[in-house]
>>> print(open('work38.cif').read())   # mmCIF, C-alpha atoms; chains and numbers go by the auth columns
data_run
loop_
_atom_site.group_PDB
_atom_site.id
_atom_site.type_symbol
_atom_site.label_atom_id
_atom_site.label_comp_id
_atom_site.label_asym_id
_atom_site.label_seq_id
_atom_site.Cartn_x
_atom_site.Cartn_y
_atom_site.Cartn_z
_atom_site.B_iso_or_equiv
_atom_site.auth_seq_id
_atom_site.auth_asym_id
ATOM 1 C CA MET A 1 93.329 -67.235 32.434 0.00 283 A
ATOM 2 C CA SER A 2 90.095 -69.023 33.293 0.00 284 A
ATOM 3 C CA THR A 3 87.935 -70.526 30.697 0.00 285 A
ATOM 4 C CA ILE A 4 84.150 -70.319 30.812 0.00 286 A
ATOM 5 C CA LEU A 5 82.400 -73.424 29.745 0.00 287 A
ATOM 6 C CA PRO A 6 79.194 -72.985 27.911 0.00 288 A
ATOM 7 C CA ALA A 7 75.970 -73.955 29.647 0.00 289 A
ATOM 8 C CA PRO A 8 74.457 -77.268 28.628 0.00 290 A
ATOM 9 C CA PRO A 9 71.555 -76.993 26.344 0.00 291 A
ATOM 10 C CA PRO A 10 68.174 -77.207 28.071 0.00 292 A
ATOM 11 C CA THR A 11 66.420 -80.532 27.846 0.00 293 A
ATOM 12 C CA ARG A 12 62.779 -80.722 27.135 0.00 294 A
ATOM 13 C CA SER A 13 60.627 -82.586 29.598 0.00 295 A
ATOM 14 C CA PRO A 14 57.286 -84.006 28.730 0.00 296 A
ATOM 15 C CA PRO A 15 54.389 -81.710 29.564 0.00 297 A
ATOM 16 C CA ASN A 16 52.935 -81.882 33.111 0.00 298 A
ATOM 17 C CA SER A 17 55.799 -84.139 34.315 0.00 299 A
ATOM 18 C CA ARG A 18 57.451 -81.713 36.776 0.00 300 A
ATOM 19 C CA ASN A 19 54.356 -80.059 38.323 0.00 301 A
ATOM 20 C CA PRO A 20 51.577 -82.514 39.203 0.00 302 A
ATOM 21 C CA GLU A 21 49.160 -79.614 39.521 0.00 303 A
ATOM 22 C CA ARG A 22 49.271 -79.247 35.765 0.00 304 A
ATOM 23 C CA LYS A 23 47.644 -82.683 35.437 0.00 305 A
ATOM 24 C CA LYS A 24 44.484 -81.486 37.175 0.00 306 A
ATOM 25 C CA THR A 25 41.626 -80.416 35.071 0.00 307 A
ATOM 26 C CA ALA A 26 39.056 -79.575 37.834 0.00 308 A
ATOM 27 C CA PHE A 27 40.000 -76.892 40.343 0.00 309 A
ATOM 28 C CA HIS A 28 36.705 -76.362 42.204 0.00 310 A
ATOM 29 C CA CYS A 29 36.568 -76.606 46.006 0.00 311 A
ATOM 30 C CA SER A 30 34.318 -78.912 47.965 0.00 312 A
ATOM 31 C CA GLN A 31 31.128 -77.543 49.410 0.00 313 A
ATOM 32 C CA MET A 32 31.477 -76.873 53.155 0.00 314 A
ATOM 33 C CA LEU A 33 27.956 -75.633 53.829 0.00 315 A
ATOM 34 C CA GLY A 34 24.755 -77.621 53.693 0.00 316 A
ATOM 35 C CA TYR A 35 21.131 -77.777 54.791 0.00 317 A
ATOM 36 C CA LYS A 36 19.379 -80.538 56.712 0.00 318 A
ATOM 37 C CA ASN A 37 15.724 -80.410 57.692 0.00 319 A
ATOM 38 C CA GLY A 38 15.727 -76.724 56.828 0.00 320 A
ATOM 39 C CA PHE A 39 18.718 -75.840 59.037 0.00 321 A
ATOM 40 C CA ALA A 40 22.138 -74.740 57.785 0.00 322 A
ATOM 41 C CA PHE A 41 25.216 -76.561 59.080 0.00 323 A
ATOM 42 C CA SER A 42 28.910 -76.699 58.255 0.00 324 A
ATOM 43 C CA ARG A 43 30.813 -79.798 57.289 0.00 325 A
ATOM 44 C CA LEU A 44 34.452 -80.610 56.727 0.00 326 A
ATOM 45 C CA PRO A 45 35.544 -81.433 53.187 0.00 327 A
ATOM 46 C CA THR A 46 36.556 -85.002 52.510 0.00 328 A
ATOM 47 C CA VAL A 47 37.962 -84.465 49.011 0.00 329 A
ATOM 48 C CA GLY A 48 40.158 -81.714 47.655 0.00 330 A
ATOM 49 C CA ILE A 49 40.850 -80.287 44.240 0.00 331 A
ATOM 50 C CA SER A 50 40.264 -82.746 41.412 0.00 332 A
ATOM 51 C CA ARG A 51 38.387 -84.903 43.909 0.00 333 A
ATOM 52 C CA GLU A 52 41.524 -86.118 45.625 0.00 334 A
ATOM 53 C CA ARG A 53 40.848 -87.626 49.035 0.00 335 A
ATOM 54 C CA LEU A 54 42.037 -85.464 51.938 0.00 336 A
ATOM 55 C CA TYR A 55 43.826 -87.204 54.834 0.00 337 A
ATOM 56 C CA VAL A 56 44.386 -84.069 56.879 0.00 338 A
ATOM 57 C CA ASN A 57 41.211 -84.431 58.916 0.00 339 A
ATOM 58 C CA GLN A 58 41.521 -88.200 59.375 0.00 340 A
ATOM 59 C CA LEU A 59 42.770 -89.628 62.674 0.00 341 A
ATOM 60 C CA PRO A 60 44.886 -92.751 63.028 0.00 342 A
ATOM 61 C CA GLN A 61 43.109 -96.016 63.756 0.00 343 A
ATOM 62 C CA ALA A 62 44.487 -96.129 67.302 0.00 344 A
ATOM 63 C CA ASP A 63 43.065 -92.681 68.057 0.00 345 A
ATOM 64 C CA LEU A 64 39.690 -93.652 66.595 0.00 346 A
ATOM 65 C CA GLU A 65 39.503 -96.768 68.789 0.00 347 A
ATOM 66 C CA GLU A 66 40.469 -94.748 71.847 0.00 348 A
ATOM 67 C CA LEU A 67 37.759 -92.217 71.173 0.00 349 A
ATOM 68 C CA SER A 68 35.157 -94.921 70.604 0.00 350 A
ATOM 69 C CA ASN A 69 35.929 -96.529 73.979 0.00 351 A
ATOM 70 C CA GLN A 70 36.244 -93.296 75.927 0.00 352 A
ATOM 71 C CA ARG A 71 33.342 -92.156 78.069 0.00 353 A
ATOM 72 C CA PRO A 72 32.931 -88.438 78.612 0.00 354 A
ATOM 73 C CA ALA A 73 33.296 -87.213 82.180 0.00 355 A
ATOM 74 C CA LEU A 74 30.540 -84.843 83.214 0.00 356 A
ATOM 75 C CA THR A 75 31.186 -81.839 85.375 0.00 357 A
ATOM 76 C CA TYR A 76 28.521 -82.859 87.921 0.00 358 A
ATOM 77 C CA GLY A 77 29.709 -86.449 88.325 0.00 359 A
ATOM 78 C CA PRO A 78 30.124 -89.687 86.423 0.00 360 A
ATOM 79 C CA ALA A 79 27.451 -90.698 83.965 0.00 361 A
ATOM 80 C CA LYS A 80 24.765 -93.032 85.296 0.00 362 A
ATOM 81 C CA TRP A 81 24.474 -96.277 83.440 0.00 363 A
ATOM 82 C CA ALA A 82 21.023 -96.991 82.124 0.00 364 A
ATOM 83 C CA PRO A 83 19.495 -100.292 83.303 0.00 365 A
ATOM 84 C CA PRO A 84 19.235 -103.083 80.761 0.00 366 A
ATOM 85 C CA SER A 85 16.113 -103.110 78.655 0.00 367 A
ATOM 86 C CA GLY A 86 15.039 -106.518 80.002 0.00 368 A
ATOM 87 C CA PHE A 87 15.278 -105.548 83.693 0.00 369 A
ATOM 88 C CA ILE A 88 11.962 -105.188 85.547 0.00 370 A
ATOM 89 C CA PRO A 89 11.932 -104.055 89.206 0.00 371 A
ATOM 90 C CA ALA A 90 10.390 -106.402 91.766 0.00 372 A
ATOM 91 C CA HIS A 91 7.678 -103.930 92.761 0.00 373 A
ATOM 92 C CA VAL A 92 6.570 -103.876 89.113 0.00 374 A
ATOM 93 C CA ALA A 93 6.959 -107.561 88.255 0.00 375 A
ATOM 94 C CA PHE A 94 5.222 -108.791 91.434 0.00 376 A
ATOM 95 C CA ASP A 95 2.735 -105.970 91.871 0.00 377 A
ATOM 96 C CA LYS A 96 -0.558 -107.252 93.398 0.00 378 A
ATOM 97 C CA LYS A 97 0.704 -110.841 93.328 0.00 379 A
ATOM 98 C CA ILE A 98 -0.030 -112.526 96.646 0.00 380 A
ATOM 99 C CA LEU A 99 0.562 -116.052 97.888 0.00 381 A
ATOM 100 C CA ARG A 100 -2.233 -117.450 100.059 0.00 382 A
ATOM 101 C CA PHE A 101 -1.789 -120.293 102.528 0.00 383 A
ATOM 102 C CA TYR A 102 -4.461 -121.881 104.718 0.00 384 A
ATOM 103 C CA ALA A 103 -3.302 -122.820 108.211 0.00 385 A
ATOM 104 C CA TYR A 104 -4.441 -123.333 111.795 0.00 386 A
ATOM 105 C CA PHE A 105 -2.992 -123.160 115.275 0.00 387 A
ATOM 106 C CA GLN A 106 -3.913 -124.837 118.564 0.00 388 A
ATOM 107 C CA GLU A 107 -4.398 -123.015 121.840 0.00 389 A
ATOM 108 C CA ASP A 108 -5.134 -124.327 125.312 0.00 390 A
ATOM 109 C CA VAL A 109 -8.454 -123.566 127.019 0.00 391 A
ATOM 110 C CA PRO A 110 -7.856 -124.068 130.760 0.00 392 A
ATOM 111 C CA VAL A 111 -11.014 -122.303 132.002 0.00 393 A
ATOM 112 C CA SER A 112 -13.602 -124.486 130.236 0.00 394 A
ATOM 113 C CA THR A 113 -15.020 -127.818 131.343 0.00 395 A
ATOM 114 C CA GLU A 114 -16.274 -128.742 127.866 0.00 396 A
ATOM 115 C CA GLU A 115 -12.975 -128.367 125.954 0.00 397 A
ATOM 116 C CA ARG A 116 -9.283 -128.712 126.669 0.00 398 A
ATOM 117 C CA TYR A 117 -7.962 -126.983 123.558 0.00 399 A
ATOM 118 C CA GLY A 118 -9.279 -124.976 120.647 0.00 400 A
ATOM 119 C CA ILE A 119 -8.437 -124.987 116.921 0.00 401 A
ATOM 120 C CA ARG A 120 -8.397 -121.627 115.190 0.00 402 A
ATOM 121 C CA GLN A 121 -8.160 -121.447 111.414 0.00 403 A
ATOM 122 C CA VAL A 122 -6.210 -118.599 109.774 0.00 404 A
ATOM 123 C CA VAL A 123 -5.162 -117.415 106.320 0.00 405 A
ATOM 124 C CA ILE A 124 -1.521 -116.394 105.705 0.00 406 A
ATOM 125 C CA PHE A 125 -0.921 -113.842 102.927 0.00 407 A
ATOM 126 C CA TYR A 126 2.560 -113.350 101.468 0.00 408 A
ATOM 127 C CA TYR A 127 3.151 -110.264 99.274 0.00 409 A
ATOM 128 C CA LEU A 128 5.802 -110.918 96.625 0.00 410 A
ATOM 129 C CA GLU A 129 6.514 -107.256 95.912 0.00 411 A
ATOM 130 C CA ASP A 130 8.164 -106.553 99.287 0.00 412 A
ATOM 131 C CA ASP A 131 8.318 -109.983 101.051 0.00 413 A
ATOM 132 C CA SER A 132 5.823 -108.888 103.696 0.00 414 A
ATOM 133 C CA MET A 133 3.241 -111.110 105.406 0.00 415 A
ATOM 134 C CA TYR A 134 -0.234 -110.714 106.833 0.00 416 A
ATOM 135 C CA VAL A 135 -2.165 -113.227 108.996 0.00 417 A
ATOM 136 C CA ILE A 136 -5.917 -112.984 109.468 0.00 418 A
ATOM 137 C CA GLU A 137 -8.517 -115.239 111.079 0.00 419 A
ATOM 138 C CA PRO A 138 -11.941 -115.409 109.403 0.00 420 A
ATOM 139 C CA VAL A 139 -14.621 -114.105 111.737 0.00 421 A
ATOM 140 C CA VAL A 140 -17.021 -116.750 113.048 0.00 422 A
ATOM 141 C CA LYS A 141 -20.344 -115.416 114.229 0.00 423 A
ATOM 142 C CA ASN A 142 -21.069 -115.800 117.951 0.00 424 A
ATOM 143 C CA SER A 143 -17.687 -117.407 118.604 0.00 425 A
ATOM 144 C CA GLY A 144 -17.130 -115.460 121.818 0.00 426 A
ATOM 145 C CA ILE A 145 -13.434 -114.847 121.100 0.00 427 A
ATOM 146 C CA PRO A 146 -11.693 -111.889 119.431 0.00 428 A
ATOM 147 C CA GLN A 147 -10.978 -112.689 115.781 0.00 429 A
ATOM 148 C CA GLY A 148 -9.743 -110.904 112.676 0.00 430 A
ATOM 149 C CA LYS A 149 -6.163 -109.624 112.249 0.00 431 A
ATOM 150 C CA HIS A 150 -3.486 -111.648 114.050 0.00 432 A
ATOM 151 C CA ILE A 151 -0.302 -110.257 112.480 0.00 433 A
ATOM 152 C CA ARG A 152 -0.216 -106.879 110.788 0.00 434 A
ATOM 153 C CA TRP A 153 1.207 -106.352 107.306 0.00 435 A
ATOM 154 C CA HIS A 154 5.016 -106.226 107.591 0.00 436 A
ATOM 155 C CA ARG A 155 8.140 -108.329 107.113 0.00 437 A
ATOM 156 C CA VAL A 156 7.999 -111.043 109.755 0.00 438 A
ATOM 157 C CA PRO A 157 11.327 -111.845 111.443 0.00 439 A
ATOM 158 C CA LYS A 158 12.472 -115.433 111.090 0.00 440 A
ATOM 159 C CA ASN A 159 15.075 -115.589 113.847 0.00 441 A
ATOM 160 C CA ASP A 160 17.137 -113.418 116.163 0.00 442 A
ATOM 161 C CA HIS A 161 19.858 -112.869 113.532 0.00 443 A
ATOM 162 C CA GLY A 162 17.863 -110.330 111.519 0.00 444 A
ATOM 163 C CA ASP A 163 16.566 -112.735 108.857 0.00 445 A
ATOM 164 C CA HIS A 164 12.994 -112.504 107.578 0.00 446 A
ATOM 165 C CA TYR A 165 10.651 -115.086 106.160 0.00 447 A
ATOM 166 C CA HIS A 166 10.893 -115.639 102.416 0.00 448 A
ATOM 167 C CA TRP A 167 8.422 -117.353 100.115 0.00 449 A
ATOM 168 C CA LYS A 168 10.916 -120.221 99.825 0.00 450 A
ATOM 169 C CA ASP A 169 10.304 -120.939 103.528 0.00 451 A
ATOM 170 C CA LEU A 170 6.576 -121.597 103.026 0.00 452 A
ATOM 171 C CA ASN A 171 5.066 -124.862 101.837 0.00 453 A
ATOM 172 C CA GLN A 172 2.155 -127.165 102.488 0.00 454 A
ATOM 173 C CA GLY A 173 2.367 -129.703 105.305 0.00 455 A
ATOM 174 C CA MET A 174 4.834 -127.750 107.457 0.00 456 A
ATOM 175 C CA ASN A 175 4.935 -125.724 110.660 0.00 457 A
ATOM 176 C CA ILE A 176 5.921 -122.074 110.801 0.00 458 A
ATOM 177 C CA THR A 177 6.535 -120.152 114.016 0.00 459 A
ATOM 178 C CA MET A 178 5.790 -116.436 114.152 0.00 460 A
ATOM 179 C CA TYR A 179 6.049 -114.467 117.371 0.00 461 A
ATOM 180 C CA GLY A 180 5.973 -117.572 119.561 0.00 462 A
ATOM 181 C CA ARG A 181 2.899 -119.121 117.920 0.00 463 A
ATOM 182 C CA THR A 182 3.192 -122.182 115.684 0.00 464 A
ATOM 183 C CA TYR A 183 0.986 -122.365 112.604 0.00 465 A
ATOM 184 C CA ARG A 184 0.384 -125.546 110.633 0.00 466 A
ATOM 185 C CA ILE A 185 0.087 -124.866 106.886 0.00 467 A
ATOM 186 C CA VAL A 186 -2.258 -127.393 105.295 0.00 468 A
ATOM 187 C CA ASP A 187 -3.177 -125.983 101.879 0.00 469 A
ATOM 188 C CA CYS A 188 -2.752 -123.093 99.424 0.00 470 A
ATOM 189 C CA ASP A 189 -4.652 -121.573 96.522 0.00 471 A
ATOM 190 C CA PRO A 190 -4.026 -122.557 92.851 0.00 472 A
ATOM 191 C CA PHE A 191 -1.966 -119.438 92.054 0.00 473 A
ATOM 192 C CA THR A 192 0.395 -120.153 94.932 0.00 474 A
ATOM 193 C CA GLN A 193 0.903 -123.739 93.832 0.00 475 A
ATOM 194 C CA VAL A 194 1.608 -122.715 90.226 0.00 476 A
ATOM 195 C CA PHE A 195 4.072 -120.041 91.351 0.00 477 A
ATOM 196 C CA LEU A 196 6.016 -122.385 93.629 0.00 478 A
ATOM 197 C CA GLU A 197 6.202 -125.046 90.936 0.00 479 A
ATOM 198 C CA SER A 198 7.431 -122.463 88.419 0.00 480 A
ATOM 199 C CA GLN A 199 10.292 -121.680 90.812 0.00 481 A
ATOM 200 C CA ARG A 200 11.255 -125.396 90.918 0.00 482 A
ATOM 201 C CA ILE A 201 9.954 -125.929 94.440 0.00 483 A
ATOM 202 C CA GLU A 202 8.361 -129.270 95.195 0.00 484 A
ATOM 203 C CA VAL A 203 4.965 -128.582 96.725 0.00 485 A
ATOM 204 C CA ASN A 204 3.946 -131.008 99.462 0.00 486 A
ATOM 205 C CA PRO A 205 0.537 -132.691 99.208 0.00 487 A
ATOM 206 C CA PRO A 206 -2.273 -130.799 100.945 0.00 488 A
ATOM 207 C CA GLU A 207 -3.646 -131.852 104.303 0.00 489 A
ATOM 208 C CA LYS A 208 -7.163 -131.811 105.683 0.00 490 A
ATOM 209 C CA MET A 209 -8.105 -128.741 107.677 0.00 491 A
ATOM 210 C CA VAL A 210 -8.641 -129.559 111.363 0.00 492 A
ATOM 211 C CA SER A 211 -11.938 -128.364 112.825 0.00 493 A
ATOM 212 C CA ASP A 212 -12.528 -126.981 116.270 0.00 494 A
ATOM 213 C CA PRO A 213 -13.996 -129.751 118.494 0.00 495 A
ATOM 214 C CA TYR A 214 -16.094 -127.327 120.534 0.00 496 A
ATOM 215 C CA THR A 215 -17.620 -125.827 117.392 0.00 497 A
ATOM 216 C CA GLU A 216 -18.384 -129.248 115.953 0.00 498 A
ATOM 217 C CA LEU A 217 -19.997 -130.323 119.223 0.00 499 A
ATOM 218 C CA HIS A 218 -22.417 -127.417 119.229 0.00 500 A
ATOM 219 C CA ARG A 219 -23.048 -127.760 115.521 0.00 501 A
ATOM 220 C CA MET A 220 -24.574 -131.261 115.985 0.00 502 A
ATOM 221 C CA PRO A 221 -28.372 -131.391 116.411 0.00 503 A
ATOM 222 C CA LYS A 222 -29.620 -131.850 119.980 0.00 504 A
ATOM 223 C CA HIS A 223 -31.194 -135.163 120.899 0.00 505 A
ATOM 224 C CA ASN A 224 -34.987 -135.174 121.241 0.00 506 A
ATOM 225 C CA TYR A 225 -36.258 -137.938 123.503 0.00 507 A
ATOM 226 C CA LEU A 226 -40.000 -137.412 122.726 0.00 508 A
ATOM 227 C CA THR A 227 -41.574 -139.949 120.416 0.00 509 A
ATOM 228 C CA PRO A 228 -42.796 -138.127 117.347 0.00 510 A
ATOM 229 C CA SER A 229 -46.516 -138.532 116.533 0.00 511 A
ATOM 230 C CA ASP A 230 -47.875 -138.906 113.037 0.00 512 A
ATOM 231 C CA PHE A 231 -51.287 -137.627 114.123 0.00 513 A
ATOM 232 C CA GLY A 232 -51.168 -134.018 113.103 0.00 514 A
ATOM 233 C CA GLN A 233 -53.746 -131.267 113.358 0.00 515 A
ATOM 234 C CA LEU A 234 -54.661 -131.517 109.676 0.00 516 A
ATOM 235 C CA LYS A 235 -55.311 -135.239 109.959 0.00 517 A
ATOM 236 C CA GLN A 236 -57.360 -134.686 113.077 0.00 518 A
ATOM 237 C CA PHE A 237 -59.482 -132.082 111.321 0.00 519 A
ATOM 238 C CA LEU A 238 -60.141 -134.285 108.302 0.00 520 A
ATOM 239 C CA THR A 239 -60.869 -137.406 110.380 0.00 521 A
ATOM 240 C CA TYR A 240 -63.323 -135.908 112.881 0.00 522 A
ATOM 241 C CA ASP A 241 -64.968 -133.410 110.582 0.00 523 A
ATOM 242 C CA LYS A 242 -68.712 -132.974 111.419 0.00 524 A
ATOM 243 C CA GLN A 243 -68.453 -135.373 114.314 0.00 525 A
ATOM 244 C CA VAL A 244 -69.844 -133.901 117.526 0.00 526 A
ATOM 245 C CA ARG A 245 -69.764 -135.602 120.861 0.00 527 A
ATOM 246 C CA GLU A 246 -72.741 -134.895 123.124 0.00 528 A
ATOM 247 C CA LEU A 247 -72.435 -135.077 126.840 0.00 529 A
ATOM 248 C CA VAL A 248 -75.697 -135.435 128.849 0.00 530 A
ATOM 249 C CA PRO A 249 -75.302 -134.648 132.513 0.00 531 A
ATOM 250 C CA HIS A 250 -77.231 -136.670 135.127 0.00 532 A
ATOM 251 C CA ILE A 251 -78.017 -135.002 138.443 0.00 533 A
ATOM 252 C CA THR A 252 -78.701 -137.143 141.522 0.00 534 A
ATOM 253 C CA ASP A 253 -80.108 -135.591 144.668 0.00 535 A
ATOM 254 C CA TYR A 254 -78.831 -137.030 147.867 0.00 536 A
ATOM 255 C CA LEU A 255 -80.964 -136.418 150.898 0.00 537 A
ATOM 256 C CA CYS A 256 -79.156 -135.853 154.031 0.00 538 A
ATOM 257 C CA TYR A 257 -80.799 -137.448 157.027 0.00 539 A
#
>>> encode(input="work38.cif", output="structure tokens")
Amino acid sequence: MSTILPAPPPTRSPPNSRNPERKKTAFHCSQMLGYKNGFAFSRLPTVGISRERLYVNQLPQADLEELSNQRPALTYGPAKWAPPSGFIPAHVAFDKKILRFYAYFQEDVPVSTEERYGIRQVVIFYYLEDDSMYVIEPVVKNSGIPQGKHIRWHRVPKNDHGDHYHWKDLNQGMNITMYGRTYRIVDCDPFTQVFLESQRIEVNPPEKMVSDPYTELHRMPKHNYLTPSDFGQLKQFLTYDKQVRELVPHITDYLCY
């Protein structure tokens, strides 16, 4: 015959010890709708009932770092990186900035008896925006030779390997060969000198521009071998004013026998 033991008497537990929900006094939900600049938007709650912080919507720190370093891939190709804020293109930084060099070249004159060679002065322009060059000869009136543009505006080749002249190749007191003609650079303008010195290039001292001997010969005054007289017309008028010379003719008759 089995015996039935009586159930133990129930023990009293302190209030709100078994169910933590009973400790809560505020049961309102967080607001999930809001307005910003007049527009309604939804937001995820960060705290729950009784203002307990919710960790459901929080990602681990590793996932947050991965998302911060991840770049979204666009459907039409990778994203183009924006240039740095301090970058300025060359065509903007050197727009309308031109280096000017003064030079000359010598050419033979085999068909003249008065000169053996001629000196022709030119101006070499170097455009910093695209590394192009332009050579022009100032027009001299009644020179008898074609003058003006010698080399059109373009990038001048430096050698047969495809290299072109750069502004680092130009300086005072040096020779430069372009298309088989050698130019002697003697001077430059103040802007060119300041620019080269700012780029840590030692600028050579300027040289004196060589003049054309034939032009200098014809520029000299011609010799006058007549002795100048100090007796002018005004002096003659004042000296012999009211003085009249009278000539009395004498006629002699010769009889022919």
>>> resolve_selection(input="work38.cif", expression="the PyMOL selection byres ((chain A and resi 431-445) around 8)", output="list of chain:residue names")
A:Asp413, A:Ser414, A:Met415, A:Tyr416, A:Val417, A:Ile418, A:Glu419, A:Gln429, A:Gly430, A:His446, A:Tyr447, A:Met460
>>> closest_residue(input="work38.cif", among="A:Glu411, A:Glu348, A:Glu528, A:Glu396", to="Lys379 of chain A", atoms="all atoms listed in the file")
A:Glu411
>>> residues_around(input="work38.cif", residues="segment 398-406 of chain A", least_positions_apart="5", cutoff="6 Å", atoms="only C-alpha atoms", output="list in words")
Arg382, Phe383, Tyr384, Ala385, Tyr386, Phe387, Gln388, Glu389, Asp390, Val391, Tyr416, Val417, Ile418, Glu419 and Asp494 of chain A
>>> write_last_selection(input="work38.cif", atoms="C-alpha atoms", output="compact mmCIF listing (two decimals), in the frame of the given file")
# COMPACT_ATOMS: atom_id res chain seq x y z
CA ARG A 382 -2.23 -117.45 100.06
CA PHE A 383 -1.79 -120.29 102.53
CA TYR A 384 -4.46 -121.88 104.72
CA ALA A 385 -3.30 -122.82 108.21
CA TYR A 386 -4.44 -123.33 111.80
CA PHE A 387 -2.99 -123.16 115.28
CA GLN A 388 -3.91 -124.84 118.56
CA GLU A 389 -4.40 -123.02 121.84
CA ASP A 390 -5.13 -124.33 125.31
CA VAL A 391 -8.45 -123.57 127.02
CA TYR A 416 -0.23 -110.71 106.83
CA VAL A 417 -2.16 -113.23 109.00
CA ILE A 418 -5.92 -112.98 109.47
CA GLU A 419 -8.52 -115.24 111.08
CA ASP A 494 -12.53 -126.98 116.27
>>> atom_distance(input="work38.cif", atom1="atom CA of Leu381 of chain A", atom2="atom CA of Val422 of chain A")
23.2 Å
>>> resolve_selection(input="work38.cif", expression="the PyMOL selection byres ((chain A and resi 324) around 7)", output="PyMOL selection string")
chain A and resi 314-316+323+325-326
>>> axis_aligned_box(input="work38.cif", around="segment 322-327 of chain A", padding_each_side="3 Å", output="JSON")
{"center_x": 28.8, "center_y": -78.1, "center_z": 56.1, "size_x": 19.4, "size_y": 12.7, "size_z": 11.9}
>>> closest_residue(input="work38.cif", among="A:Asp345, A:Glu498, A:Glu397, A:Asp412", to="Asp377 of chain A", atoms="only C-alpha atoms")
A:Asp412
>>> atom_distance(input="work38.cif", atom1="atom CA of Ile380 of chain A", atom2="atom CA of Arg463 of chain A")
22.5 Å
>>> atom_distance(input="work38.cif", atom1="atom CA of Phe473 of chain A", atom2="atom CA of Ile370 of chain A")
21.0 Å
>>> resolve_selection(input="work38.cif", expression="the PyMOL selection byres ((chain A and resi 474-481) around 10)", output="list in words")
Lys379, Ile380, Leu381, Arg382, Phe383, Tyr408, Trp449, Lys450, Leu452, Asn453, Gln454, Asp469, Cys470, Asp471, Pro472, Phe473, Arg482, Ile483, Glu484, Val485 and Asn486 of chain A
>>> closest_residue(input="work38.cif", among="A:Ser312, A:Gln343, A:Ser394, A:Thr464", to="Val329 of chain A", atoms="all atoms listed in the file")
A:Ser312
>>> decode(input="work38.cif", residues="segment 443-486 of chain A", atoms="C-alpha atoms", output="PDB file, in the first residue's frame")
ATOM      1  CA  HIS A 443      63.541  59.822 -80.257  1.00  0.00           C
ATOM      2  CA  GLY A 444      60.205  61.619 -79.907  1.00  0.00           C
ATOM      3  CA  ASP A 445      61.247  64.037 -77.146  1.00  0.00           C
ATOM      4  CA  HIS A 446      60.114  67.664 -77.185  1.00  0.00           C
ATOM      5  CA  TYR A 447      61.660  70.805 -75.800  1.00  0.00           C
ATOM      6  CA  HIS A 448      60.781  71.616 -72.201  1.00  0.00           C
ATOM      7  CA  TRP A 449      61.181  74.895 -70.351  1.00  0.00           C
ATOM      8  CA  LYS A 450      64.009  73.264 -68.384  1.00  0.00           C
ATOM      9  CA  ASP A 451      65.992  73.100 -71.646  1.00  0.00           C
ATOM     10  CA  LEU A 452      65.949  76.886 -72.136  1.00  0.00           C
ATOM     11  CA  ASN A 453      68.311  79.340 -70.475  1.00  0.00           C
ATOM     12  CA  GLN A 454      70.314  82.448 -71.205  1.00  0.00           C
ATOM     13  CA  GLY A 455      73.734  82.136 -72.826  1.00  0.00           C
ATOM     14  CA  MET A 456      73.058  78.842 -74.622  1.00  0.00           C
ATOM     15  CA  ASN A 457      72.422  77.506 -78.113  1.00  0.00           C
ATOM     16  CA  ILE A 458      69.247  75.715 -79.127  1.00  0.00           C
ATOM     17  CA  THR A 459      68.775  73.916 -82.434  1.00  0.00           C
ATOM     18  CA  MET A 460      65.325  73.744 -84.001  1.00  0.00           C
ATOM     19  CA  TYR A 461      64.767  72.268 -87.438  1.00  0.00           C
ATOM     20  CA  GLY A 462      68.435  72.509 -88.404  1.00  0.00           C
ATOM     21  CA  ARG A 463      68.859  76.158 -87.383  1.00  0.00           C
ATOM     22  CA  THR A 464      70.859  77.121 -84.296  1.00  0.00           C
ATOM     23  CA  TYR A 465      69.592  79.995 -82.169  1.00  0.00           C
ATOM     24  CA  ARG A 466      71.692  81.764 -79.556  1.00  0.00           C
ATOM     25  CA  ILE A 467      69.615  82.804 -76.523  1.00  0.00           C
ATOM     26  CA  VAL A 468      71.044  85.975 -75.004  1.00  0.00           C
ATOM     27  CA  ASP A 469      68.346  87.357 -72.698  1.00  0.00           C
ATOM     28  CA  CYS A 470      64.818  86.901 -71.318  1.00  0.00           C
ATOM     29  CA  ASP A 471      62.093  89.056 -69.812  1.00  0.00           C
ATOM     30  CA  PRO A 472      61.685  89.585 -66.018  1.00  0.00           C
ATOM     31  CA  PHE A 473      58.773  87.131 -65.688  1.00  0.00           C
ATOM     32  CA  THR A 474      60.807  84.364 -67.294  1.00  0.00           C
ATOM     33  CA  GLN A 475      63.744  84.965 -64.983  1.00  0.00           C
ATOM     34  CA  VAL A 476      61.527  84.948 -61.878  1.00  0.00           C
ATOM     35  CA  PHE A 477      59.800  81.745 -62.994  1.00  0.00           C
ATOM     36  CA  LEU A 478      63.051  79.887 -63.660  1.00  0.00           C
ATOM     37  CA  GLU A 479      64.497  80.971 -60.329  1.00  0.00           C
ATOM     38  CA  SER A 480      61.325  79.841 -58.544  1.00  0.00           C
ATOM     39  CA  GLN A 481      61.863  76.382 -60.051  1.00  0.00           C
ATOM     40  CA  ARG A 482      65.430  76.290 -58.634  1.00  0.00           C
ATOM     41  CA  ILE A 483      67.092  76.778 -62.007  1.00  0.00           C
ATOM     42  CA  GLU A 484      70.248  78.853 -62.084  1.00  0.00           C
ATOM     43  CA  VAL A 485      69.780  81.526 -64.726  1.00  0.00           C
ATOM     44  CA  ASN A 486      72.916  82.368 -66.693  1.00  0.00           C
TER      45      ASN A 486
END
